[in-house]
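Since the structure comes first, as structure tokens, the remarks are kept for the end.
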Amino acid sequence: MNMKREKEWESKIEELLSKMSTEEKIGQICQLYLTEKSAPQVAELAEKGLVGSVVLTGTAFAGNSTGTDIDRDAMTTVQNAALRSPSGIPILFGKDVIHGYRTIFPIPLAQAATFDAELVKEAASRMAAEASRSGIQWTYAPMLDLARDARWGRIIESFGEDPYLASVMARASVEGIQGDDMSADDKIVACAKHFVGYGAAEGGRDYNKSEITDYTLRNMYLPAFRTAVDAGIQTFMNNFGDIGGEPCVFSKYLFRDILRDEWGFDGFVVSDWGSIANQTGKGTAETKREAAMRAFRAGIDMEMVSRCYYENMQELLDSGDITTEMLDDAVRNILRVKLRAGLFEKPCLNLGELDIYREDDMAFSKKIAEKCMVLLKNDGNVLPLPRDKKIFVTGTYAYERRSILGNWCPGATDEKVNPFVDCMKEVFGKEQIMSTDVYEIGYQYARQADYAVVAVGENWRETGEGNSMARIELSERELELVKTVRRVARKVVVVVFAGRPLALSELLPHADAILYAWHPGTRGTDAAASILAGDASPEGRLPVSMLRSTGQIPTYYNHPLAQYHYREYRDELPTPLYPFGYGLSYTEFSYGEPTLDVESLSLSELMAGKTVKVKVALKNTGDRDGVETVQVYVRDRFAYKSRPDIELKGYQKVSVEKGGETVVEITLGKNAFGYYPEKDFVIETGDFDILVGPHSEELKSVAFNVKKG
Ligand code: GLC
């Protein structure tokens with residue numbers, strides 16, 4: 001942080017505040033939506049200094065829109081109007097740029113499956129640069145909600161079920177979007193959302209209530225958000241829902257006690273779309289005035305789209321229910337972010353070339369898609385497929401384009417997506433590929449071909465906001481297609497283009513190989529074909545447990561030890577179908593026994609920063625080069641409170657050539673051994689296990705002790 005500039009900005013803020021009318025201050029805490037249609041009215045208000053920000057969409061469900069691009073003329077008109085206002089404060093232009101703006105990268109859940117922070121950071125950086133070239137200055141990403149329920153459509157936007165992995169990806173996203181200097185032409189403002197606990201919506205039903213104890217909040221749901229603050233994120237957005245009966249948007253505990261007082265956050269908080277006004281409909285505020293008062297007191301600095309602040313703030317000030325100091329503080333937070341984002345230096349929009357696609361972004365879209373895909377099954381090493389054999393390609397998603405992009409890419413179109421069947425022809429050669437969507441012909445092709453590849457999945461509109469599903473099994477129609485092909489084909493490979501982690505038990509016996517391709521973005525189908533041909537090797541690992549059936553929800557790896565087997569169902573196996581951290585390669589790896597450089601450390605040594613190094617020999621015993629994600633988990637054998645049996649506390653991706661061997665070393669510090677029994681971080685002395693392996697259900701353990709003193 002450039003302290004000299006920060007000081008200059010703080011005095012600029014005070015200078016602006018001293019001249020602003022109350023009306024203009026109220027304007028700064030209001031955000032309107034901007035479309036071509038609303039532009040004249042927005043410009044009129046902007047000219048009076050009554051618009052602090054605009055969100056570039058006309059719908060409350062931006063994720064479910066497609067191709068809704070922004071109107072550059074409207075943006076320019078509105079910004080110029082704002083610059084003519086009495087204080088000339090530029091407007092901040094926000095939009096949902098979640099996993100790409102026009103060039104789309106894999107959905108965030110799939111990006112987490114790369115277990116590669118540098119790759120996720122690069123995706124965020126490219127996304128920010130592309131958005132910025134269209135005048136977008138602020139994105140409502142990253143979404144940092146911990147997600148354990150695949151019925152919830154927004155699990156696709158999360159980084160999965162583990163707070164450590166989500167924290168790693170939170171930092172990568174913030175650094176990629178904001179960079180070291182947000183005023184740079186290719187950087188924009190990021191937003192941590194939805195604070196907090198949105199992913200715990202009961203029953204996986206979007207917007208539903210959640211019950212999260214403070215213990216679970218602090219150990220599971222807060223860490224990724226805390227990391228985002230430590231990484232310098234400049235804005236936060238509230239969860240629509242409530243925790244234990246308190247609407248998050250009214251929670252002083254969340255937005256002042258934790259976010260400001262405990263974590264020292266100094267950016268600003270924006271409400272989610274209409275979530276302040278919504279409280280009157282939810283019965284938690286009798287009037288919009290009451291909703292405005294409670295949200296503002298809680299620390300919601302800016303109101304997205306609904307007009308509770310605009311319509312009631314003057315009266316709230318006159319009555320003393322809101323003080324001028326509180327209003328000034330909110331405006332300070334907003335002006336601070338605008339100054340850091342360079343809006344005053346470059347108020348006019350950075351409207352670059354219209355055709356903003358760039359070849360290197362497209363190439364990267366394929367690279368990250370290749371690295372997010374998870375090979376779940378590969379019986380008899382049926383994959384990679386030989387190039388001199390006949391391959392029959394079929395399935396709903398063999399021809400699909402829009403769903404390959406996934407949900408939450410408003411502004412994008414599928415114009416650059418190549419249907420999977422075309423990618424297969426490109427990679428294997430037209431003469432090798434047979435394809436049809438005509439049933440009878442397909443039956444013959446399946447019989448004649450050496451291999452059948454069936455592309456199944458989930459429609460993009462069955463995921464994302466407002467798109468929770470009561471069943472997470474593969475659809476009957478898709479399953480039936482695979483069974484039909486299975487009856488006549490020699491070998492069946494299934495590629496799953498889906499957003500949420502579907503339950504695949506019923507599919508399993510009908511597929512020799514399963515590649516989970518997610519909704520992998522613009523070049524995702526090209527990536528899937530490359531993996532099937534062995535031009536790229538699968539290296540994705542599951543960021544979320546993949547269950548056998550809907551009935552198992554919630555099942556996640558970082559769960560306390562089962563006291564009795566009664567925890568399990570009588571009619572379902574207790575384990576997920578595929579566990580957290582799981583994924584196959586095109587080669588095999590063997591692990592030696594893990595060793596430690598020290599067998600114990602004292603509590604004071606740990607707290608003073610001393611570390612323990614975990615070493616493990618890793619051998620590539622297969623016949624192909626490969627990449628392994630060596631994972632390190634920690635078990636606190638005895639603790640004051642019930643803790644997860646194991647927790648991911650480190651990992652390392654390593655490339656090992658066929659027949660080669662390496663020694664992987666991972667360092668663990670105090671954060672690996674402590675937790676929040678109450679509000680403060682605590683390490684309890686005693687015995688721990690440090691466990692190393694390829695995933696959460698295949699680990700080798702070594703003892704470690706934290707001594708008193
Ligand atoms: C939506 C979403 C939020 C999004 C915002 C703006 O309702 O909940 O994630 O950023 O509104 O589109």
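We name chains A, B, ... following the order of the structure tokens; residues begin at 1 in each chain, and ligands are numbered from 1 as shown.
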Contacts of Ala46 in chain A at 7 Å or less, counting only C-alpha atoms, minus same-chain residues fewer than 5 places along, as a VMD selection string?
-> chain A and resid 51 78 81 to 82 85
Please check which protein, DNA or RNA residues sit within 7 Å of ligand 1, counting only C-alpha atoms and all ligand atoms, and write them as a list in words.
-> Ala60, Phe61, Ala62, Lys95, Asp96, Tyr140, Lys193, His194, Asp272, Trp273 and Glu465 of chain A
So which residues touch range 635-651 of chain A within 7 Å, counting only C-alpha atoms, skipping near sequence neighbours fewer than 4 positions away, as JSON, numbers by chain?
-> {"A": [164, 558, 559, 560, 561, 629, 630, 631, 666, 672, 677, 684, 687, 688, 689, 690]}
Write the residues you've just listed into a file as a short mmCIF file (atom, residue, chain, number, x, y, z; two decimals), in the first residue's frame, and include N, CA and C atoms for each of them.
data_model
loop_
_atom_site.label_atom_id
_atom_site.label_comp_id
_atom_site.auth_asym_id
_atom_site.auth_seq_id
_atom_site.Cartn_x
_atom_site.Cartn_y
_atom_site.Cartn_z
N TYR A 164 -9.76 -24.06 3.68
CA TYR A 164 -8.36 -23.81 3.31
C TYR A 164 -8.25 -23.58 1.80
N ASN A 558 -14.59 -32.75 5.82
CA ASN A 558 -14.07 -32.15 7.05
C ASN A 558 -15.15 -32.18 8.13
N HIS A 559 -15.47 -33.36 8.54
CA HIS A 559 -16.57 -33.62 9.47
C HIS A 559 -15.99 -34.30 10.72
N PRO A 560 -16.55 -34.05 11.90
CA PRO A 560 -16.03 -34.71 13.10
C PRO A 560 -16.12 -36.22 12.97
N LEU A 561 -15.30 -36.90 13.76
CA LEU A 561 -15.32 -38.37 13.77
C LEU A 561 -16.73 -38.85 14.09
N THR A 629 -1.24 -34.00 -7.20
CA THR A 629 -1.49 -32.98 -6.17
C THR A 629 -1.34 -33.66 -4.82
N VAL A 630 -0.16 -33.47 -4.24
CA VAL A 630 0.12 -34.09 -2.94
C VAL A 630 -0.58 -33.26 -1.88
N GLN A 631 -1.42 -33.91 -1.09
CA GLN A 631 -2.24 -33.18 -0.12
C GLN A 631 -1.81 -33.51 1.31
N ILE A 666 6.41 -29.99 2.22
CA ILE A 666 5.35 -29.00 2.47
C ILE A 666 5.51 -28.49 3.89
N ALA A 672 -1.97 -24.34 10.80
CA ALA A 672 -2.35 -25.72 10.51
C ALA A 672 -2.84 -26.45 11.76
N PRO A 677 -12.13 -22.01 19.00
CA PRO A 677 -13.12 -22.59 19.92
C PRO A 677 -14.17 -21.54 20.31
N GLU A 684 -4.25 -25.83 20.83
CA GLU A 684 -4.25 -26.60 22.08
C GLU A 684 -3.06 -27.56 22.03
N ASP A 687 -1.38 -34.12 21.11
CA ASP A 687 -1.00 -34.96 19.97
C ASP A 687 -1.79 -34.60 18.71
N PHE A 688 -1.06 -34.58 17.62
CA PHE A 688 -1.67 -34.36 16.31
C PHE A 688 -1.20 -35.47 15.38
N ASP A 689 -1.95 -35.66 14.30
CA ASP A 689 -1.46 -36.49 13.19
C ASP A 689 -1.31 -35.57 11.98
N ILE A 690 -0.24 -35.79 11.26
CA ILE A 690 -0.08 -35.10 9.97
C ILE A 690 -0.20 -36.19 8.90
#
Secondary structure check, alpha helix (DSSP H) residues of range 85-148 of chain A, as an MDAnalysis selection string = chainID A and resid 108:112 117:132
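Closest to Gln178 in chain A among A:Ala503, A:Met293, A:Ala341, A:Met237 is A:Ala341, based on only C-alpha atoms.
Residues lying within 12 Å of Val438 in chain A, counting only C-alpha atoms and ignoring same-chain neighbours fewer than 3 positions away, are Val393, Thr394, Gly395, Thr396, Met434, Ser435, Ile441, Gly442, Tyr443, Gln444, Tyr445, Ala446 and Leu481 of chain A.
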Select from range 338-386 of chain A every residue with an atom at most 7 Å from any atom of range 110-120 of chain A, then for each give the shortest pair of atoms and their distance in Å to one decimal, using only C-alpha atoms, rows by chain and rising number, as a tab-separated table.
residue	atom	partner	partner_atom	distance
A:Ile368	CA	A:Leu119	CA	6.9
A:Lys371	CA	A:Thr114	CA	5.5
A:Cys372	CA	A:Thr114	CA	4.6
Selection: 9 Å around Met143 in chain A, only C-alpha atoms, excl. self and same-chain fewer than 6 positions, as a ChimeraX atom specification | /A:98,108,157-159,170,191-194
Would you export the selected residues with all heavy atoms as a compact mmCIF listing (two decimals), in the first residue's frame, please?
# COMPACT_ATOMS: atom_id res chain seq x y z
N ILE A 98 -17.74 -12.99 -13.36
CA ILE A 98 -17.50 -14.01 -12.33
C ILE A 98 -16.39 -14.98 -12.73
O ILE A 98 -15.47 -15.26 -11.99
CB ILE A 98 -18.81 -14.78 -12.03
CG1 ILE A 98 -19.95 -13.80 -11.76
CG2 ILE A 98 -18.60 -15.77 -10.89
CD1 ILE A 98 -19.77 -12.88 -10.58
N PRO A 108 -16.18 -21.19 -11.24
CA PRO A 108 -15.25 -21.15 -10.10
C PRO A 108 -15.05 -22.49 -9.41
O PRO A 108 -13.94 -22.83 -9.02
CB PRO A 108 -15.90 -20.12 -9.17
CG PRO A 108 -16.62 -19.19 -10.12
CD PRO A 108 -17.13 -20.07 -11.21
N GLU A 157 -20.57 -21.37 -8.23
CA GLU A 157 -19.80 -20.12 -8.12
C GLU A 157 -18.80 -20.19 -6.97
O GLU A 157 -18.01 -19.27 -6.79
CB GLU A 157 -20.73 -18.94 -7.85
CG GLU A 157 -21.80 -18.68 -8.88
CD GLU A 157 -22.82 -17.68 -8.35
OE1 GLU A 157 -22.45 -16.52 -8.07
OE2 GLU A 157 -23.98 -18.07 -8.17
N SER A 158 -18.93 -21.24 -6.17
CA SER A 158 -18.08 -21.33 -4.96
C SER A 158 -16.78 -22.04 -5.27
O SER A 158 -16.60 -22.57 -6.36
CB SER A 158 -18.83 -22.14 -3.89
OG SER A 158 -18.70 -23.54 -4.18
N PHE A 159 -15.89 -22.04 -4.25
CA PHE A 159 -14.65 -22.81 -4.39
C PHE A 159 -14.74 -24.12 -3.60
O PHE A 159 -13.73 -24.73 -3.28
CB PHE A 159 -13.48 -21.97 -3.90
CG PHE A 159 -13.15 -20.81 -4.81
CD1 PHE A 159 -13.08 -19.51 -4.31
CD2 PHE A 159 -12.92 -20.99 -6.16
CE1 PHE A 159 -12.78 -18.43 -5.14
CE2 PHE A 159 -12.62 -19.92 -7.00
CZ PHE A 159 -12.55 -18.65 -6.49
N ALA A 170 -9.39 -17.55 -2.76
CA ALA A 170 -9.84 -16.18 -2.49
C ALA A 170 -8.69 -15.22 -2.74
O ALA A 170 -8.83 -14.21 -3.44
CB ALA A 170 -10.32 -16.06 -1.05
N CYS A 191 -15.04 -7.83 -5.21
CA CYS A 191 -16.10 -7.82 -4.18
C CYS A 191 -16.25 -9.20 -3.58
O CYS A 191 -16.54 -10.16 -4.29
CB CYS A 191 -17.42 -7.40 -4.82
SG CYS A 191 -18.79 -7.33 -3.65
N ALA A 192 -16.06 -9.31 -2.28
CA ALA A 192 -16.22 -10.60 -1.59
C ALA A 192 -17.69 -10.79 -1.27
O ALA A 192 -18.30 -9.94 -0.62
CB ALA A 192 -15.40 -10.61 -0.31
N LYS A 193 -18.25 -11.90 -1.75
CA LYS A 193 -19.68 -12.13 -1.52
C LYS A 193 -19.91 -13.62 -1.29
O LYS A 193 -19.03 -14.43 -1.61
CB LYS A 193 -20.49 -11.64 -2.73
CG LYS A 193 -20.35 -12.48 -4.00
CD LYS A 193 -21.13 -11.87 -5.16
CE LYS A 193 -21.14 -12.79 -6.36
NZ LYS A 193 -21.80 -12.23 -7.54
N HIS A 194 -21.04 -13.98 -0.63
CA HIS A 194 -22.07 -13.12 -0.04
C HIS A 194 -21.91 -13.29 1.47
O HIS A 194 -22.11 -14.39 1.98
CB HIS A 194 -23.44 -13.60 -0.47
CG HIS A 194 -23.59 -13.70 -1.96
ND1 HIS A 194 -23.10 -14.75 -2.72
CD2 HIS A 194 -24.16 -12.85 -2.86
CE1 HIS A 194 -23.38 -14.54 -3.99
NE2 HIS A 194 -24.03 -13.41 -4.13
Excluding same-chain residues fewer than 2 positions from Asn278 in chain A, what lies within 12 Å of it counting only C-alpha atoms, as a ChimeraX atom specification?
-> /A:207,240-241,247,249-250,271-276,280-288,290-292,295,303-308
Residues within 8 Å of Ile243 in chain A, only C-alpha atoms, excluding chain neighbours under 3 positions, as a list in words = Gly197, Lys209, Ser210, Glu211, Ile212, Glu246, Pro247 and Cys248 of chain A
Could you write out that same residue set with N, CA and C atoms as a compact mmCIF listing (two decimals), in the first residue's frame?
# COMPACT_ATOMS: atom_id res chain seq x y z
N GLY A 197 -22.35 -17.03 4.77
CA GLY A 197 -23.13 -18.23 5.04
C GLY A 197 -24.25 -18.51 4.07
N LYS A 209 -33.30 -19.71 4.84
CA LYS A 209 -32.64 -19.34 6.10
C LYS A 209 -31.50 -20.31 6.36
N SER A 210 -30.58 -19.90 7.24
CA SER A 210 -29.53 -20.85 7.63
C SER A 210 -29.32 -20.74 9.13
N GLU A 211 -28.89 -21.84 9.70
CA GLU A 211 -28.58 -21.88 11.15
C GLU A 211 -27.09 -22.20 11.26
N ILE A 212 -26.30 -21.20 11.60
CA ILE A 212 -24.85 -21.44 11.69
C ILE A 212 -24.39 -20.97 13.06
N GLU A 246 -31.37 -13.64 12.19
CA GLU A 246 -30.96 -12.25 11.91
C GLU A 246 -30.64 -12.07 10.44
N PRO A 247 -31.35 -11.19 9.74
CA PRO A 247 -31.01 -10.95 8.32
C PRO A 247 -29.57 -10.46 8.24
N CYS A 248 -28.75 -11.05 7.39
CA CYS A 248 -27.35 -10.63 7.28
C CYS A 248 -27.26 -9.16 6.96
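CA of Val417 in chain A to CA of Asp625 in chain A spans 29.5 Å [interatomic distance, one decimal].
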Go through range 458-555 of chain A and collect every residue that DSSP, computed from the backbone, puts in strand (DSSP E or B); the answer should be as number ranges by chain.
-> A: 473, 492-497, 503, 513-516, 546
Written file, previous selection with N, CA, C and O atoms, as a compact mmCIF listing (two decimals), in the first residue's frame:
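Listing of again.txt after writing:
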# COMPACT_ATOMS: atom_id res chain seq x y z
N GLU A 473 -28.97 -36.36 -9.04
CA GLU A 473 -28.58 -37.49 -9.89
C GLU A 473 -28.59 -37.04 -11.36
O GLU A 473 -29.32 -36.11 -11.73
N VAL A 492 -17.20 -47.76 -23.34
CA VAL A 492 -18.00 -46.52 -23.21
C VAL A 492 -17.25 -45.52 -22.35
O VAL A 492 -16.87 -45.83 -21.21
N VAL A 493 -17.01 -44.36 -22.92
CA VAL A 493 -16.41 -43.24 -22.17
C VAL A 493 -17.48 -42.18 -22.00
O VAL A 493 -18.14 -41.80 -22.97
N VAL A 494 -17.68 -41.72 -20.75
CA VAL A 494 -18.69 -40.68 -20.50
C VAL A 494 -17.99 -39.39 -20.11
O VAL A 494 -17.11 -39.39 -19.23
N VAL A 495 -18.32 -38.32 -20.79
CA VAL A 495 -17.82 -36.99 -20.43
C VAL A 495 -18.99 -36.20 -19.86
O VAL A 495 -20.06 -36.13 -20.49
N VAL A 496 -18.82 -35.66 -18.65
CA VAL A 496 -19.91 -34.97 -17.96
C VAL A 496 -19.66 -33.46 -17.97
O VAL A 496 -18.72 -32.98 -17.34
N PHE A 497 -20.50 -32.73 -18.74
CA PHE A 497 -20.44 -31.27 -18.74
C PHE A 497 -21.53 -30.77 -17.79
O PHE A 497 -22.70 -30.64 -18.16
N ALA A 503 -24.61 -36.67 -8.66
CA ALA A 503 -24.48 -38.00 -8.06
C ALA A 503 -24.49 -39.02 -9.20
O ALA A 503 -25.47 -39.11 -9.94
N ALA A 513 -15.05 -45.38 -18.46
CA ALA A 513 -14.29 -44.19 -18.01
C ALA A 513 -15.25 -43.02 -17.87
O ALA A 513 -16.25 -42.92 -18.60
N ILE A 514 -14.96 -42.17 -16.87
CA ILE A 514 -15.77 -40.96 -16.67
C ILE A 514 -14.84 -39.77 -16.50
O ILE A 514 -13.98 -39.78 -15.60
N LEU A 515 -15.00 -38.78 -17.35
CA LEU A 515 -14.24 -37.53 -17.21
C LEU A 515 -15.23 -36.44 -16.81
O LEU A 515 -16.19 -36.17 -17.53
N TYR A 516 -15.01 -35.84 -15.64
CA TYR A 516 -15.88 -34.75 -15.18
C TYR A 516 -15.33 -33.45 -15.73
O TYR A 516 -14.30 -32.96 -15.29
N MET A 546 -18.15 -35.79 -3.99
CA MET A 546 -19.13 -36.15 -5.02
C MET A 546 -19.92 -37.34 -4.47
O MET A 546 -19.35 -38.39 -4.20
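Proximity to Leu17 in chain A was assessed for A:Asp181, A:Asp71, A:Asp328, A:Glu47 counting only C-alpha atoms; the smallest distance is recorded for A:Asp328.
From CA of Leu165 in chain A back to CA of Lys707 in chain A, the distance works out to 27.9 Å.
For the choices A:Trp518, A:Tyr633, A:Phe268, A:Trp152, the atom-to-atom distance to Phe673 in chain A is smallest for A:Tyr633 when using only C-alpha atoms.
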Computed gap from CA of Glu628 in chain A to CA of Val656 in chain A is 7.8 Å
For the interface of range 403-515 of chain A with range 122-135 of chain A (cut-off 12 Å, counting only C-alpha atoms), please tabulate each contacting residue of range 403-515 of chain A alongside its nearest pair of atoms and their separation in Å to one decimal, rows sorted by chain and increasing number, as CSV.
residue,atom,partner,partner_atom,distance
A:Cys409,CA,A:Met127,CA,11.0
A:Pro410,CA,A:Ala131,CA,11.5
A:Gly411,CA,A:Ala131,CA,9.8
A:Ala412,CA,A:Ala131,CA,11.1
Using only all heavy atoms, please write the residues we just selected to a file, as a compact mmCIF listing (two decimals), in the first residue's frame.
# COMPACT_ATOMS: atom_id res chain seq x y z
N CYS A 409 -22.32 -15.86 -16.67
CA CYS A 409 -21.42 -15.15 -17.59
C CYS A 409 -22.25 -14.18 -18.44
O CYS A 409 -22.30 -14.29 -19.66
CB CYS A 409 -20.60 -16.09 -18.44
SG CYS A 409 -21.41 -17.58 -18.97
N PRO A 410 -22.98 -13.22 -17.73
CA PRO A 410 -23.76 -12.24 -18.47
C PRO A 410 -22.81 -11.40 -19.31
O PRO A 410 -21.78 -10.96 -18.85
CB PRO A 410 -24.39 -11.39 -17.37
CG PRO A 410 -23.54 -11.60 -16.16
CD PRO A 410 -22.97 -12.97 -16.29
N GLY A 411 -23.16 -11.22 -20.58
CA GLY A 411 -22.27 -10.47 -21.46
C GLY A 411 -21.59 -11.38 -22.45
O GLY A 411 -21.09 -10.96 -23.48
N ALA A 412 -21.57 -12.69 -22.11
CA ALA A 412 -20.90 -13.62 -23.02
C ALA A 412 -21.93 -14.24 -23.96
O ALA A 412 -23.12 -14.27 -23.66
CB ALA A 412 -20.22 -14.71 -22.22
